[in-house]
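*Asks:* What follows is structure_39.csv, made up of CSV, C-alpha atoms:
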```csv
chain,number,residue,atom,x,y,z
X,1285,MET,CA,-4.6,5.1,-29.0
X,1286,GLY,CA,-7.4,7.6,-28.8
X,1287,THR,CA,-7.5,10.3,-26.2
X,1288,ILE,CA,-9.5,9.4,-23.1
X,1289,ALA,CA,-12.1,11.9,-21.9
X,1290,THR,CA,-10.9,14.4,-19.4
X,1291,THR,CA,-12.6,14.2,-16.0
X,1292,ALA,CA,-11.6,15.0,-12.4
X,1293,GLY,CA,-14.3,12.6,-11.1
X,1294,PHE,CA,-13.0,9.6,-13.1
X,1295,TYR,CA,-12.2,7.4,-10.1
X,1296,ARG,CA,-15.1,8.5,-7.9
X,1297,ASP,CA,-17.6,7.7,-10.7
X,1298,LEU,CA,-16.3,4.2,-11.4
X,1299,PRO,CA,-18.7,1.4,-10.4
X,1300,VAL,CA,-17.8,-0.3,-7.1
X,1301,LEU,CA,-17.3,-4.0,-7.5
X,1302,GLN,CA,-18.2,-6.4,-4.7
X,1303,ASP,CA,-15.9,-9.4,-5.5
X,1304,PHE,CA,-12.1,-9.4,-5.5
X,1305,ALA,CA,-12.1,-12.3,-8.0
X,1306,THR,CA,-13.4,-9.9,-10.6
X,1307,ILE,CA,-9.9,-8.3,-10.9
X,1308,ALA,CA,-9.4,-10.7,-13.9
X,1309,ASP,CA,-12.6,-9.7,-15.7
X,1310,VAL,CA,-12.2,-7.9,-19.0
X,1311,GLN,CA,-15.2,-5.7,-18.2
X,1312,THR,CA,-13.8,-4.5,-14.8
X,1313,TYR,CA,-11.2,-1.9,-15.8
X,1314,GLN,CA,-11.6,1.6,-17.3
X,1315,PRO,CA,-8.7,3.6,-18.9
X,1316,VAL,CA,-7.2,6.3,-16.8
X,1317,PRO,CA,-7.7,9.7,-18.4
X,1318,ASP,CA,-4.7,11.2,-20.2
X,1319,ASP,CA,-4.6,14.3,-18.0
X,1320,TRP,CA,-4.1,12.2,-14.8
X,1321,TYR,CA,-0.7,11.5,-13.3
X,1322,VAL,CA,1.0,8.4,-11.9
X,1323,VAL,CA,2.6,9.2,-8.5
X,1324,ILE,CA,5.3,6.8,-7.2
X,1325,THR,CA,7.1,6.8,-3.9
X,1326,ASP,CA,9.9,4.4,-3.2
X,1327,VAL,CA,12.3,3.9,-0.3
X,1328,VAL,CA,15.8,3.8,-1.8
X,1329,GLY,CA,17.9,1.1,-0.3
X,1330,SER,CA,14.9,-0.5,1.4
X,1331,THR,CA,16.4,-4.0,1.4
X,1332,ARG,CA,19.4,-2.9,3.4
X,1333,ALA,CA,17.2,-1.0,5.8
X,1334,ILE,CA,14.9,-4.1,6.3
X,1335,GLU,CA,17.9,-6.4,6.8
X,1336,ALA,CA,19.0,-4.0,9.5
X,1337,GLY,CA,15.7,-4.6,11.3
X,1338,ARG,CA,14.0,-1.4,10.2
X,1339,TYR,CA,11.0,-2.9,8.3
X,1340,LYS,CA,8.4,-0.9,10.2
X,1341,GLN,CA,10.1,2.4,9.4
X,1342,VAL,CA,10.4,1.3,5.7
X,1343,ASN,CA,6.6,0.5,5.7
X,1344,ILE,CA,5.7,3.9,7.1
X,1345,ALA,CA,8.0,5.8,4.9
X,1346,GLY,CA,6.8,4.0,1.8
X,1347,GLY,CA,3.1,4.5,2.5
X,1348,ILE,CA,2.7,7.7,4.5
X,1349,ALA,CA,2.3,9.9,1.3
X,1350,ALA,CA,-1.2,8.4,1.0
X,1351,MET,CA,-2.2,10.0,4.3
X,1352,ALA,CA,-0.6,13.4,3.4
X,1353,ILE,CA,-2.3,13.5,0.0
X,1354,SER,CA,-5.6,12.5,1.5
X,1355,ASN,CA,-5.4,15.4,3.9
X,1356,ALA,CA,-4.3,17.8,1.1
X,1357,LEU,CA,-7.3,16.7,-1.1
X,1358,ASP,CA,-9.6,16.5,1.9
X,1359,ASP,CA,-10.7,13.0,1.0
X,1360,MET,CA,-9.4,9.4,0.3
X,1361,GLU,CA,-11.3,9.0,-3.0
X,1362,TYR,CA,-8.3,8.5,-5.3
X,1363,PRO,CA,-6.6,5.4,-6.5
X,1364,PHE,CA,-3.5,4.1,-4.5
X,1365,VAL,CA,-1.8,0.8,-4.0
X,1366,PHE,CA,0.7,0.1,-1.2
X,1367,GLY,CA,3.6,-2.1,-2.0
X,1368,GLY,CA,5.6,-2.3,1.3
X,1369,ASP,CA,8.4,0.1,0.6
X,1370,GLY,CA,6.5,2.4,-1.6
X,1371,ILE,CA,3.1,3.4,-3.0
X,1372,THR,CA,1.5,4.0,-6.4
X,1373,ILE,CA,-1.1,6.8,-6.5
X,1374,LEU,CA,-3.1,8.3,-9.4
X,1375,VAL,CA,-4.1,12.0,-9.3
X,1376,TYR,CA,-5.9,14.4,-11.5
X,1377,SER,CA,-3.7,17.1,-13.2
X,1378,ASP,CA,-5.3,20.0,-11.3
X,1379,TRP,CA,-4.1,18.5,-8.0
X,1380,THR,CA,-0.5,18.1,-9.0
X,1381,ASP,CA,0.9,21.4,-7.7
X,1382,ARG,CA,-0.4,20.6,-4.2
X,1383,VAL,CA,0.6,16.9,-4.5
X,1384,ARG,CA,4.1,17.8,-5.6
X,1385,ASP,CA,4.5,20.1,-2.5
X,1386,VAL,CA,3.2,17.3,-0.2
X,1387,LEU,CA,5.6,14.8,-1.8
X,1388,ALA,CA,8.5,17.1,-1.3
X,1389,ASP,CA,7.6,17.7,2.3
X,1390,THR,CA,7.0,14.0,2.9
X,1391,GLN,CA,10.5,13.3,1.5
X,1392,LYS,CA,12.0,15.8,3.9
X,1393,MET,CA,10.1,14.3,6.9
X,1394,VAL,CA,11.2,10.8,6.0
X,1395,ALA,CA,14.8,11.9,5.8
X,1396,GLU,CA,14.6,13.8,9.1
X,1397,MET,CA,12.5,11.3,11.0
X,1398,PHE,CA,13.8,7.9,9.8
X,1399,GLU,CA,17.1,8.8,8.0
X,1400,LEU,CA,15.7,7.1,4.8
X,1401,HIS,CA,15.7,8.5,1.3
X,1402,LEU,CA,12.2,8.5,-0.2
X,1403,ARG,CA,12.3,8.8,-4.0
X,1404,VAL,CA,9.1,10.6,-5.2
X,1405,GLY,CA,8.0,11.5,-8.7
X,1406,LEU,CA,5.1,12.1,-11.1
X,1407,VAL,CA,4.6,10.8,-14.6
X,1408,PRO,CA,1.7,12.1,-16.9
X,1409,VAL,CA,-0.6,9.3,-18.1
X,1410,GLY,CA,-0.4,11.1,-21.5
X,1411,ASP,CA,3.4,10.3,-21.5
X,1412,VAL,CA,2.6,6.7,-20.7
X,1413,ARG,CA,0.3,6.4,-23.7
X,1414,ALA,CA,2.7,8.2,-26.0
X,1415,ALA,CA,5.2,5.5,-25.1
X,1416,GLY,CA,2.7,2.9,-26.2
X,1417,PHE,CA,1.5,1.6,-22.9
X,1418,ASP,CA,-1.8,1.8,-21.0
X,1419,ILE,CA,-3.1,2.1,-17.4
X,1420,ARG,CA,-6.6,0.9,-16.4
X,1421,VAL,CA,-8.3,1.1,-13.1
X,1422,ALA,CA,-11.2,-0.6,-11.2
X,1423,ARG,CA,-12.6,-0.3,-7.7
X,1424,VAL,CA,-13.4,-3.1,-5.3
X,1425,GLU,CA,-15.3,-2.6,-2.1
X,1426,ILE,CA,-13.3,-3.8,0.9
X,1427,SER,CA,-15.6,-2.3,3.6
X,1428,PRO,CA,-18.2,0.5,3.8
X,1429,TYR,CA,-15.3,2.8,4.6
X,1430,TYR,CA,-12.8,1.7,1.9
X,1431,SER,CA,-12.8,0.9,-1.8
X,1432,GLN,CA,-9.5,-0.6,-3.0
X,1433,ALA,CA,-8.1,0.5,-6.3
X,1434,MET,CA,-7.0,-2.2,-8.7
X,1435,ILE,CA,-4.6,-1.0,-11.4
X,1436,GLU,CA,-3.9,-2.9,-14.7
X,1437,GLY,CA,-1.5,-2.2,-17.6
X,1438,GLU,CA,2.2,-2.2,-18.4
X,1439,GLY,CA,2.1,1.5,-18.2
X,1440,LEU,CA,2.7,1.2,-14.4
X,1441,ASP,CA,6.0,-0.6,-15.0
X,1442,TRP,CA,7.0,2.0,-17.6
X,1443,ALA,CA,6.2,4.8,-15.2
X,1444,GLU,CA,8.2,3.2,-12.4
X,1445,GLU,CA,11.2,2.8,-14.8
X,1446,GLN,CA,11.1,6.5,-15.6
X,1447,ILE,CA,11.0,7.5,-11.9
X,1448,LYS,CA,14.0,5.2,-11.1
X,1449,ALA,CA,16.0,6.0,-14.2
X,1450,THR,CA,19.5,7.2,-13.5
X,1451,ARG,CA,20.2,10.3,-15.6
X,1452,ALA,CA,21.6,13.7,-15.0
X,1453,ILE,CA,18.2,15.4,-15.0
X,1454,ASN,CA,15.1,13.3,-14.5
X,1455,PRO,CA,12.1,15.4,-15.4
X,1456,TYR,CA,9.7,13.1,-13.6
X,1457,LEU,CA,11.4,13.3,-10.1
X,1458,VAL,CA,10.4,15.9,-7.6
X,1459,PRO,CA,13.8,17.5,-7.0
X,1460,ALA,CA,15.3,17.9,-3.5
X,1461,THR,CA,15.4,21.6,-4.2
X,1462,HIS,CA,11.7,21.9,-4.7
X,1463,LYS,CA,10.3,24.8,-2.6
X,1464,ALA,CA,7.0,23.6,-1.2
X,1465,LYS,CA,4.3,26.1,-0.6
X,1466,HIS,CA,2.2,23.6,1.3
X,1467,ARG,CA,3.3,21.5,4.3
X,1468,ALA,CA,2.3,17.9,4.5
X,1469,ASP,CA,-0.3,17.0,7.1
X,1470,PHE,CA,-0.1,13.5,8.4
X,1471,SER,CA,-3.1,13.6,10.8
X,1472,GLY,CA,-4.9,10.3,10.8
X,1473,PHE,CA,-1.8,8.2,10.6
X,1474,SER,CA,-1.6,5.8,13.5
X,1475,CYS,CA,0.7,3.0,14.6
X,1476,ARG,CA,-0.9,1.5,17.7
X,1477,TRP,CA,-1.0,-2.2,17.2
X,1478,GLU,CA,1.3,-5.1,18.0
X,1479,ASP,CA,2.5,-7.3,15.2
X,1480,VAL,CA,-0.3,-9.8,14.6
X,1481,LYS,CA,0.5,-13.4,15.1
X,1482,SER,CA,-0.6,-15.7,12.2
X,1483,PRO,CA,-3.8,-17.6,13.0
X,1484,ARG,CA,-2.3,-20.5,11.0
X,1485,GLY,CA,1.3,-20.4,12.0
X,1486,GLU,CA,2.8,-18.5,9.1
X,1487,THR,CA,2.2,-15.2,7.4
X,1488,LEU,CA,3.2,-15.2,3.7
X,1489,ALA,CA,3.9,-12.1,1.6
X,1490,LEU,CA,3.2,-13.2,-2.0
X,1491,ILE,CA,3.8,-11.3,-5.3
X,1492,VAL,CA,2.9,-12.8,-8.6
X,1493,LYS,CA,3.3,-11.2,-12.1
X,1494,PRO,CA,2.1,-12.8,-15.4
X,1495,GLN,CA,5.0,-13.4,-17.7
X,1496,SER,CA,2.8,-12.5,-20.7
X,1497,THR,CA,2.2,-8.8,-21.4
X,1498,GLU,CA,-0.7,-9.6,-23.7
X,1499,VAL,CA,-3.8,-8.4,-21.9
X,1500,ASP,CA,-6.1,-11.5,-22.3
X,1501,ARG,CA,-3.3,-13.9,-21.5
X,1502,ALA,CA,-2.2,-11.9,-18.5
X,1503,ARG,CA,-5.8,-11.8,-17.2
X,1504,ALA,CA,-6.3,-15.5,-17.7
X,1505,THR,CA,-3.0,-16.1,-15.8
X,1506,ILE,CA,-4.2,-14.0,-12.8
X,1507,GLN,CA,-7.5,-16.0,-12.8
X,1508,SER,CA,-5.4,-19.2,-12.6
X,1509,VAL,CA,-3.3,-17.8,-9.8
X,1510,LEU,CA,-6.4,-16.9,-7.8
X,1511,GLN,CA,-7.7,-20.4,-8.3
X,1512,VAL,CA,-4.4,-21.9,-7.2
X,1513,ILE,CA,-4.4,-19.8,-4.0
X,1514,GLU,CA,-8.0,-20.9,-3.2
X,1515,ASP,CA,-7.1,-24.6,-3.9
X,1516,HIS,CA,-4.3,-24.5,-1.4
X,1517,LEU,CA,-5.6,-22.0,1.2
X,1518,GLY,CA,-9.3,-22.2,0.9
X,1519,ASP,CA,-11.3,-18.9,1.0
X,1520,ASP,CA,-10.4,-17.7,4.5
X,1521,TYR,CA,-6.7,-16.8,4.5
X,1522,HIS,CA,-7.1,-13.3,6.0
X,1523,PRO,CA,-3.9,-12.6,8.0
X,1524,LEU,CA,-5.7,-10.6,10.7
X,1525,ARG,CA,-8.1,-11.8,13.3
X,1526,GLU,CA,-10.0,-9.5,15.8
X,1527,ASP,CA,-8.9,-11.6,18.8
X,1528,LYS,CA,-5.3,-11.3,17.8
X,1529,LEU,CA,-5.2,-7.5,17.4
X,1530,LYS,CA,-3.6,-6.0,20.5
X,1531,PRO,CA,-2.9,-2.3,21.1
X,1532,THR,CA,0.6,-1.6,22.1
X,1533,LEU,CA,2.2,0.8,24.6
X,1534,ARG,CA,5.7,0.0,23.4
X,1535,ALA,CA,7.7,3.2,22.8
X,1536,ASN,CA,9.3,2.0,19.6
X,1537,TYR,CA,5.9,1.7,18.0
X,1538,LEU,CA,4.1,4.8,19.4
X,1539,ASN,CA,7.2,7.0,18.8
X,1540,ASN,CA,6.7,6.5,15.0
X,1541,GLU,CA,3.2,7.9,15.2
X,1542,ILE,CA,4.1,10.7,17.6
X,1543,GLY,CA,7.2,11.7,15.6
X,1544,VAL,CA,5.4,11.7,12.2
X,1545,THR,CA,2.2,13.5,13.3
X,1546,SER,CA,4.0,16.1,15.4
X,1547,HIS,CA,6.9,16.6,13.0
X,1548,ARG,CA,8.3,20.1,13.2
X,1549,SER,CA,5.8,21.0,15.9
X,1550,SER,CA,6.9,22.9,19.0
X,1551,SER,CA,8.3,21.0,21.9
X,1552,VAL,CA,5.1,21.7,23.9
X,1553,ARG,CA,2.9,20.4,21.0
X,1554,ARG,CA,5.1,17.2,20.8
X,1555,VAL,CA,4.7,16.6,24.6
X,1556,LEU,CA,0.9,17.1,24.3
X,1557,THR,CA,0.8,14.7,21.3
X,1558,ARG,CA,2.7,12.1,23.3
X,1559,ILE,CA,0.3,12.4,26.3
X,1560,ARG,CA,-2.7,12.2,24.1
X,1561,VAL,CA,-1.5,9.1,22.2
X,1562,TYR,CA,-0.5,7.2,25.3
X,1563,ALA,CA,-3.8,8.1,27.0
X,1564,GLU,CA,-5.9,7.0,24.0
X,1565,VAL,CA,-4.0,3.7,23.7
X,1566,SER,CA,-4.3,3.0,27.4
X,1567,VAL,CA,-8.1,3.6,27.3
X,1568,LEU,CA,-8.3,1.4,24.2
X,1569,LYS,CA,-6.4,-1.4,25.9
X,1570,LEU,CA,-8.8,-1.2,28.9
X,1571,VAL,CA,-11.9,-1.2,26.7
X,1572,LEU,CA,-10.8,-4.2,24.8
X,1573,LYS,CA,-9.5,-6.1,27.8
X,1574,LEU,CA,-12.8,-5.7,29.7
X,1575,GLY,CA,-15.0,-6.1,26.6
X,1576,LEU,CA,-16.7,-2.8,27.3
X,1577,LYS,CA,-19.3,-1.3,24.9
X,1578,THR,CA,-18.6,2.4,24.6
X,1579,ASN,CA,-19.4,5.4,22.4
X,1580,ILE,CA,-15.9,6.8,23.0
X,1581,ARG,CA,-14.4,7.7,19.6
X,1582,VAL,CA,-10.8,8.3,18.5
X,1583,ASN,CA,-10.2,9.7,15.0
X,1584,GLY,CA,-14.0,9.3,14.5
X,1585,TYR,CA,-14.2,5.6,15.2
X,1586,GLU,CA,-15.7,3.9,18.3
X,1587,LEU,CA,-13.0,2.2,20.4
X,1588,ASP,CA,-14.7,-1.1,21.0
X,1589,LYS,CA,-15.2,-1.6,17.2
X,1590,LEU,CA,-11.7,-0.8,16.2
X,1591,PRO,CA,-10.4,-4.4,15.9
X,1592,ALA,CA,-13.3,-5.4,13.7
X,1593,GLU,CA,-12.9,-2.3,11.5
X,1594,ASN,CA,-9.2,-2.9,11.2
X,1595,VAL,CA,-9.9,-6.4,9.9
X,1596,ARG,CA,-12.7,-5.3,7.5
X,1597,SER,CA,-10.6,-2.4,6.1
X,1598,ALA,CA,-7.4,-4.2,5.7
X,1599,ASP,CA,-5.8,-4.1,2.2
X,1600,PHE,CA,-4.2,-7.5,2.5
X,1601,ARG,CA,-4.6,-8.2,-1.2
X,1602,LYS,CA,-4.3,-5.9,-4.1
X,1603,PHE,CA,-3.4,-5.6,-7.8
X,1604,ASP,CA,-1.2,-3.1,-9.5
X,1605,ASN,CA,-0.3,-5.2,-12.6
X,1606,THR,CA,1.2,-7.6,-10.1
X,1607,LEU,CA,-0.9,-9.6,-7.6
X,1608,LYS,CA,0.2,-8.7,-4.1
X,1609,MET,CA,-1.2,-10.6,-1.1
X,1610,ILE,CA,-0.5,-11.1,2.6
X,1611,VAL,CA,-2.0,-14.5,3.6
X,1612,ALA,CA,-2.2,-16.7,6.7
X,1613,CYS,CA,-1.2,-20.3,6.0
X,1614,THR,CA,0.3,-23.4,7.5
X,1615,PRO,CA,3.8,-24.5,6.6
X,1616,SER,CA,2.5,-27.4,4.5
X,1617,GLN,CA,0.0,-25.0,2.7
X,1618,ARG,CA,2.9,-22.7,1.9
X,1619,GLU,CA,5.1,-25.5,0.6
X,1620,GLY,CA,2.3,-26.7,-1.7
X,1621,LEU,CA,1.5,-23.2,-2.9
X,1622,VAL,CA,5.1,-22.2,-3.6
X,1623,ALA,CA,5.8,-25.5,-5.4
X,1624,GLN,CA,2.9,-24.8,-7.8
X,1625,PHE,CA,4.1,-21.3,-8.4
X,1626,GLU,CA,7.6,-22.7,-9.2
X,1627,GLN,CA,6.0,-25.0,-11.7
X,1628,MET,CA,4.1,-22.0,-13.3
X,1629,TYR,CA,7.3,-20.0,-13.4
X,1630,ARG,CA,9.3,-22.8,-15.2
X,1631,ALA,CA,6.3,-23.2,-17.6
X,1632,GLY,CA,6.6,-19.5,-18.6
X,1633,GLN,CA,3.4,-18.4,-16.9
X,1634,VAL,CA,4.4,-16.2,-14.0
X,1635,PHE,CA,7.2,-14.5,-12.1
X,1636,TYR,CA,6.8,-14.7,-8.3
X,1637,GLY,CA,8.3,-13.9,-5.0
X,1638,VAL,CA,7.5,-14.9,-1.4
X,1639,HIS,CA,8.6,-14.0,2.0
X,1640,VAL,CA,7.7,-16.1,5.1
X,1641,SER,CA,7.1,-14.7,8.5
X,1642,ASP,CA,5.0,-15.7,11.6
X,1643,ARG,CA,3.1,-12.4,11.9
X,1644,ALA,CA,1.7,-9.4,10.1
X,1645,LEU,CA,2.1,-5.7,10.8
X,1646,THR,CA,-0.4,-2.9,10.1
X,1647,THR,CA,0.0,0.7,9.3
X,1648,CYS,CA,-3.3,2.6,9.7
X,1649,MET,CA,-4.6,5.6,7.8
X,1650,MET,CA,-7.9,7.2,9.0
X,1651,HIS,CA,-9.5,10.2,7.3
X,1652,GLU,CA,-11.9,11.4,9.9
X,1653,GLY,CA,-13.5,14.1,7.7
X,1654,SER,CA,-14.7,11.6,5.1
X,1655,ALA,CA,-15.0,8.5,7.3
X,1656,ARG,CA,-12.5,6.7,5.1
X,1657,GLU,CA,-9.9,4.4,6.5
X,1658,VAL,CA,-7.4,1.8,5.2
X,1659,HIS,CA,-5.1,-0.5,7.1
X,1660,PHE,CA,-2.0,-1.3,5.1
X,1661,VAL,CA,-0.9,-4.9,5.9
X,1662,ASP,CA,2.5,-6.4,5.3
X,1663,ALA,CA,4.4,-9.4,6.6
X,1664,ALA,CA,6.9,-8.7,9.4
X,1665,GLY,CA,10.6,-8.8,8.7
X,1666,GLY,CA,10.5,-7.6,5.1
X,1667,GLY,CA,7.3,-8.8,3.6
X,1668,TYR,CA,6.5,-7.4,0.1
X,1669,ALA,CA,10.0,-5.7,-0.2
X,1670,LEU,CA,11.9,-9.0,0.2
X,1671,ALA,CA,9.3,-11.0,-1.9
X,1672,ALA,CA,9.9,-8.4,-4.6
X,1673,LYS,CA,13.6,-9.0,-4.4
X,1674,GLN,CA,13.0,-12.7,-5.5
X,1675,LEU,CA,10.6,-11.6,-8.3
X,1676,LYS,CA,13.0,-9.0,-9.7
X,1677,ALA,CA,15.8,-11.6,-9.8
X,1678,GLN,CA,13.5,-13.8,-11.9
X,1679,LEU,CA,12.8,-10.9,-14.2
X,1680,ARG,CA,16.5,-10.1,-14.6
X,1681,ARG,CA,17.2,-13.7,-15.6
X,1682,ALA,CA,14.4,-13.7,-18.1
X,1683,ARG,CA,15.8,-10.6,-19.7
X,1684,GLY,CA,19.3,-12.0,-19.7
X,1685,GLY,CA,20.5,-9.6,-17.0
```
Kindly present the structure from the file in structure tokens form.
*Replies:*
Amino acid sequence: MGTIATTAGFYRDLPVLQDFATIADVQTYQPVPDDWYVVITDVVGSTRAIEAGRYKQVNIAGGIAAMAISNALDDMEYPFVFGGDGITILVYSDWTDRVRDVLADTQKMVAEMFELHLRVGLVPVGDVRAAGFDIRVARVEISPYYSQAMIEGEGLDWAEEQIKATRAINPYLVPATHKAKHRADFSGFSCRWEDVKSPRGETLALIVKPQSTEVDRARATIQSVLQVIEDHLGDDYHPLREDKLKPTLRANYLNNEIGVTSHRSSSVRRVLTRIRVYAEVSVLKLVLKLGLKTNIRVNGYELDKLPAENVRSADFRKFDNTLKMIVACTPSQREGLVAQFEQMYRAGQVFYGVHVSDRALTTCMMHEGSAREVHFVDAAGGGYALAAKQLKAQLRRARGG
């Protein structure tokens, strides 16, 4: 494969697509430059932690690096895809020293705050291509404040395998001994909303991966999958609704935000952070309860508009060589959908995994300086991580494992 042109502005310069359905279009994706890196975070032992009821902490640990890197780069204009217990990020080579520091410090915070081990690593895209694989990226506009990256190519799977490989010395991992020169800044992370009850009775975490690695066949399969979802669920399966978004004053939720954003701060700073967070949530609850119109802003966003912005900027569907979606459905819709995916699995078309809940949860990332925001959405009780467990079991059987 030829060398792709070097450019720091590669992602920022991509055309912004308006329709999620175009993720299966051959014209949509552009090759990632060779001098970029694949960054992967992954909560080790996430299934056990989720089964112990710690799914919210796993979600935060898996995705919080996106906020820290956003603050380090002073923007949110870089590709990332959240997967429940981890996140995939693409960064330009000149950013890697700072990103490596941020990852190392995030790993330490996760261990100290949540007693979870966050595996973090970086793989050069040049190494991915040298191994015979590719990574391509597109951008789809989700809201005026957020463009979701869509990532295609078996190179992602190869990079993940390198990060997770068990060997005496793994050159792609950020070692626990890494001496970070820069601290991670988690400002903009918030955790202020109750789990969101499904408007249709069930909230389904769905992961679908084409069995074929041939590009055209894989794209055709994804197009078929999107059509199957529309046939069974219609075109309005968003798991969030404005009227179902309720701010929370529950300590087990707010303590996550307070602990993360004031990590390693002085005791006085932590107390002040706690007072500020509880005051802001109390005002937000009052504004929404009374239906007040106000210009009061928190993290740069008007309080009375927060539920609408959360819905608009929710990344409830994404593509990172697997289709990942959190959808609202009825039990009968889910049964029909899963039955059809089972048929496609047995016909050699897809691997798939599902997890059923009755509510969704959100993890919010807001970059005030750039007016960018994203609200990671997962299904409560395990979501993507437990759906992935089913999909991985199908992959092992296909490989004779």
*Asks:* Please identify every residue of stretch 1467-1559 of chain X that has at least one atom no farther than 10 Å from an atom of stretch 1626-1646 of chain X, counting all atoms listed in the file, and for each give the shortest atom pair and the distance in Å to one decimal, arranged by chain then increasing number, as CSV.
*Replies:*
```
residue,atom,partner,partner_atom,distance
X:Ser1474,CA,X:Thr1646,CA,9.4
X:Cys1475,CA,X:Thr1646,CA,7.5
X:Arg1476,CA,X:Thr1646,CA,8.8
X:Trp1477,CA,X:Thr1646,CA,7.2
X:Glu1478,CA,X:Leu1645,CA,7.3
X:Asp1479,CA,X:Leu1645,CA,4.7
X:Val1480,CA,X:Ala1644,CA,4.9
X:Lys1481,CA,X:Arg1643,CA,4.2
X:Ser1482,CA,X:Arg1643,CA,5.0
X:Pro1483,CA,X:Arg1643,CA,8.7
X:Arg1484,CA,X:Asp1642,CA,8.8
X:Gly1485,CA,X:Asp1642,CA,6.0
X:Glu1486,CA,X:Asp1642,CA,4.4
X:Thr1487,CA,X:Ser1641,CA,5.0
X:Leu1488,CA,X:Val1640,CA,4.8
X:Ala1489,CA,X:His1639,CA,5.1
X:Leu1490,CA,X:Val1638,CA,4.7
X:Ile1491,CA,X:Gly1637,CA,5.2
X:Val1492,CA,X:Tyr1636,CA,4.3
X:Lys1493,CA,X:Phe1635,CA,5.1
X:Pro1494,CA,X:Val1634,CA,4.3
X:Gln1495,CA,X:Val1634,CA,4.7
X:Ser1496,CA,X:Gln1633,CA,7.0
X:Arg1501,CA,X:Gln1633,CA,9.3
X:Ala1502,CA,X:Gln1633,CA,8.7
X:Thr1505,CA,X:Gln1633,CA,6.9
X:Ile1506,CA,X:Val1634,CA,9.0
X:Ser1508,CA,X:Gln1633,CA,9.8
X:Val1509,CA,X:Val1634,CA,8.9
X:Pro1523,CA,X:Ala1644,CA,6.8
X:Leu1524,CA,X:Ala1644,CA,7.5
X:Leu1529,CA,X:Thr1646,CA,9.9
```
*Asks:* Report as number ranges by chain all protein, DNA and RNA residues lying within 10 Å of X:Arg1618, evaluated on all atoms listed in the file, omitting residues in the same chain fewer than 3 positions from it.
*Replies:* X: 1486-1488, 1513, 1516-1517, 1611-1615, 1621-1624, 1638, 1640
*Asks:* Write out as a ChimeraX atom specification the residues lying within 10 Å of stretch 1381-1390 of chain X, counting all atoms listed in the file and excluding same-chain residues fewer than 6 positions away.
*Replies:* /X:1323-1325,1345,1348-1350,1352-1357,1375,1396,1402-1406,1457-1470,1544
*Asks:* Atom CA of X:Ile1373 and atom CA of X:Ala1449 are how many Å apart?
*Replies:* 18.8 Å
*Asks:* What is the distance, in Å and to one decimal place, between atom CA of X:Ala1664 and atom CA of X:Val1327?
*Replies:*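 For atom CA of X:Ala1664 relative to atom CA of X:Val1327, the distance reads 16.8 Å.
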*Asks:* Rounded to one decimal, what separation in Å do you get between atom CA of X:Thr1647 and atom CA of X:Asp1297?
*Replies:*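 Here the two named atoms are 27.5 Å from each other.
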*Asks:* For X:Tyr1362, which residue among X:Phe1625, X:Tyr1376, X:Tyr1668, X:Tyr1313 is the nearest when counting only C-alpha atoms?
*Replies:*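 For X:Tyr1362, the nearest of the given residues is X:Tyr1376.
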*Asks:* With all atoms listed in the file as the basis for distance, which of X:Ile1542, X:Leu1510, X:Met1393, X:Val1571 is at the shortest distance from X:Phe1304?
*Replies:*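 Of X:Ile1542, X:Leu1510, X:Met1393, X:Val1571, the one nearest X:Phe1304, counting all atoms listed in the file, is X:Leu1510.
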*Asks:* Of the candidates X:His1659, X:Arg1554, X:Lys1530, X:Arg1548, which one gets nearest to X:Phe1366 if we count all atoms listed in the file?
*Replies:* X:His1659
